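Undergrad: Structure incoming, see below.
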Amino acid sequence: MHNYVYFRSISLIRFISIILAMACCLSLRAAQQSAVMTEYRQRLELVRGQIPQITAAAEAVAKRWVEKKQVLLHYPFGGDTSDFTMENISRAGGLDNAQTNTVRIEMRSANDVFVVAPRSWEKGGDYLKKELPKAREQGWLIVVFGSKQGMPDGLPVDFLIDNGADGGNEDEAAVNQIVNMTNGWIWQCELTAALTQLGVHPGILKGMPLPGAQAHNKEYQIAVPKLYPCDTPIPAGSLAAIYLQQIERELANLESKPMQDQLERAADIAADHVKAGKALWASSFTHVLDGEVFFDNISPIKAFRGISSNEKTFKDNLQPGDLLLFFGEWSLNLPWRDYLKEIRNTGGDFIAGYRVGIEPVEPYEGPAGFYDQKLDDAAMVLEQEWPFENAAVPIPFAPGMMAPVSGVYLCLQYRMLDEKIAEKLEGK
């Protein structure tokens, strides 16, 4: 009897201990949970549910393109839509037809399409109140990736693809941007599928480091975007589903323990620099993150342009002892630009963020360091993990894949790191 009571008591104590341990783990997990990742995952449900609307917008543009023969896709610079434009133009796995509204001016016609994505209506509304009526006057079809909530009344819009924001305020802009990008790439996928159903396909660009990229892109990066015969129709919605499957894989990687450990280490290094009175900088020459590093940071990150900077920009900003979070994609340099040399010449510390790989790559003339992976002097390497092609959706014509995921991955990784740095400085 006594033994039974004893073992029963021990079992009860163990049970209570297990419950308390589980509660502690849940509490720790809740404390470590990324607010940006949580919100993005919730909004993905909206994205999945509105694929038919995205497809409808794509089919309207496909029909227009085939009937009118020449249709230009204009992605504008201005307001707060510029980073979305940077993500879409001259992009690995993207349409060659996607260009800024600052080029091909003499080729414009009433056949064209205006594609914009305000990060928030609070900051982007005034620009679009002026630009959308101008686009309508030119006869352009207008596609907007943004929030239904908070949208100014009376804007001329043919298709609005909702990003699920609660309102039009700037406090949701960082997540809005990532959802807009996701919707934007699904739209390009569905536009491509719709064109194949009409017997043609668009030109799709190939990532610079991929073997054969120079020859492929030289063929497709031409003045007048063309359509090419295609006898393999792609069912509506199928490419969208594949893209979202790859996004789920990227989210799983970002939430994995190895990646979380890397982010923790990077955040510790950054927080230590700030506590020592040193400046913390971020810069990137990648498409969307080149601009996103300037906005909505919650830690003391300061930023400067990567793609348009020069050696003087690095030296004027990054001082000895400061820390630079520098983000690339396949590499940390470009064929015509040795960023690492410029960073090293400042005497500052740096964390290198890029996709580490050993795959065969396209050879380029230019700085010897285009594929430089000798980074023993970096504070650490923060790895990116996405498919070598970057483009994640198979297509039955060259280059065989479309729709990159690195922009979504990079923005989420950057926001998660920003959150962790802020937490460590707040003593959480």
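The way I read the labels, and the way they are meant: chains A, B, ... in the order of the structure tokens, residue 1 as the first residue of every chain, and ligand 1 as the first ligand shown, with later ones counted on from there.
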Name the residues of stretch 70-121 of chain A that fall into strand (DSSP E) according to DSSP on the backbone, using the chain letters and numbers of this document, as a PyMOL selection string.
TA: chain A and resi 73-75+98-100+113-116
Undergrad: Could you make a table, as a tab-separated table, of the residues of stretch 167-222 of chain A that have an atom within 8 Å of an atom of stretch 228-232 of chain A, each with its nearest atom pair and distance in Å to one decimal, counting only C-alpha atoms, in chain and number order?
TA:
residue	atom	partner	partner_atom	distance
A:Thr196	CA	A:Cys230	CA	6.0
A:Gln197	CA	A:Thr232	CA	7.7
A:Gly199	CA	A:Cys230	CA	5.1
A:Val200	CA	A:Pro229	CA	4.4
A:His201	CA	A:Tyr228	CA	5.2
A:Pro202	CA	A:Tyr228	CA	6.3
A:Gly203	CA	A:Tyr228	CA	7.7
Undergrad: Which residues are near A:Ala213? Cut-off 10 Å, only C-alpha atoms, ignore same chain within fewer than 6 positions. Put them as a PyMOL selection string.
TA: chain A and resi 92+205-207+219+361-363+399
Undergrad: Give the answer as one residue: which of A:Leu73, A:Ile343, A:Val143, A:Leu132 has the shortest atom-to-atom distance to A:Lys315, using only C-alpha atoms?
TA: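 Between A:Leu73, A:Ile343, A:Val143, A:Leu132, the residue approaching A:Lys315 most closely is A:Ile343.
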Undergrad: Taking the backbone alone, and naming residues the way the document does, which bits of stretch 158-396 of chain A are helix (DSSP H, G or I) by DSSP, as JSON, numbers by chain?
TA: {"A": [170, 171, 172, 173, 174, 175, 176, 177, 178, 179, 180, 181, 182, 183, 184, 185, 186, 187, 188, 189, 190, 191, 192, 193, 194, 195, 196, 197, 213, 214, 215, 216, 217, 218, 219, 220, 238, 239, 240, 241, 242, 243, 244, 245, 246, 247, 248, 249, 250, 251, 252, 253, 254, 255, 257, 258, 259, 260, 261, 262, 263, 264, 265, 266, 267, 268, 269, 270, 271, 272, 273, 274, 275, 289, 290, 291, 292, 311, 312, 313, 314, 315, 316, 317, 339, 340, 341, 342, 343, 344]}
Undergrad: For stretch 344-360 of chain A, work out the shell of residues within 9 Å, counting only C-alpha atoms and skipping chain neighbours fewer than 3 positions away, then give it as a ChimeraX atom specification.
TA: /A:209-211,266,269-270,311,314-332,339-341,373,375,377-386,388
Undergrad: With C-alpha atoms kept, could you save the residues just selected as an mmCIF file, in the first residue's frame?
TA:
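Now in again.cif:
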data_model
loop_
_atom_site.group_PDB
_atom_site.id
_atom_site.type_symbol
_atom_site.label_atom_id
_atom_site.label_comp_id
_atom_site.auth_asym_id
_atom_site.auth_seq_id
_atom_site.Cartn_x
_atom_site.Cartn_y
_atom_site.Cartn_z
ATOM 1 C CA PRO A 209 25.402 31.863 -62.609
ATOM 2 C CA LEU A 210 23.551 29.023 -64.353
ATOM 3 C CA PRO A 211 25.500 27.343 -67.176
ATOM 4 C CA ALA A 266 24.238 36.495 -36.312
ATOM 5 C CA ILE A 269 27.295 39.273 -33.172
ATOM 6 C CA ALA A 270 25.174 42.247 -34.233
ATOM 7 C CA GLU A 311 33.649 52.159 -53.004
ATOM 8 C CA PHE A 314 31.170 51.800 -48.346
ATOM 9 C CA LYS A 315 34.017 53.843 -46.855
ATOM 10 C CA ASP A 316 31.799 56.800 -45.968
ATOM 11 C CA ASN A 317 29.391 54.581 -44.051
ATOM 12 C CA LEU A 318 31.177 51.487 -42.763
ATOM 13 C CA GLN A 319 33.876 52.476 -40.299
ATOM 14 C CA PRO A 320 36.474 50.188 -38.655
ATOM 15 C CA GLY A 321 34.763 48.177 -35.930
ATOM 16 C CA ASP A 322 31.270 48.628 -37.404
ATOM 17 C CA LEU A 323 29.334 45.588 -38.600
ATOM 18 C CA LEU A 324 27.785 45.203 -42.057
ATOM 19 C CA LEU A 325 25.084 42.649 -42.803
ATOM 20 C CA PHE A 326 25.732 42.121 -46.509
ATOM 21 C CA PHE A 327 23.319 40.005 -48.532
ATOM 22 C CA GLY A 328 23.926 38.501 -51.967
ATOM 23 C CA GLU A 329 22.250 35.600 -53.749
ATOM 24 C CA TRP A 330 24.431 33.021 -55.510
ATOM 25 C CA SER A 331 27.484 35.060 -54.641
ATOM 26 C CA LEU A 332 28.556 38.237 -52.860
ATOM 27 C CA TYR A 339 31.938 44.102 -53.418
ATOM 28 C CA LEU A 340 34.007 42.027 -51.014
ATOM 29 C CA LYS A 341 37.153 43.955 -51.887
ATOM 30 C CA GLN A 373 33.826 31.897 -51.217
ATOM 31 C CA LEU A 375 35.437 34.238 -46.359
ATOM 32 C CA ASP A 377 37.679 37.084 -42.500
ATOM 33 C CA ALA A 378 33.868 37.281 -42.259
ATOM 34 C CA ALA A 379 32.331 37.344 -38.789
ATOM 35 C CA MET A 380 30.183 34.476 -40.082
ATOM 36 C CA VAL A 381 28.347 33.238 -43.152
ATOM 37 C CA LEU A 382 24.558 33.378 -42.904
ATOM 38 C CA GLU A 383 23.478 30.790 -45.435
ATOM 39 C CA GLN A 384 20.570 31.018 -47.835
ATOM 40 C CA GLU A 385 19.034 27.738 -48.933
ATOM 41 C CA TRP A 386 16.950 27.696 -52.086
ATOM 42 C CA PHE A 388 20.293 26.379 -57.436
#
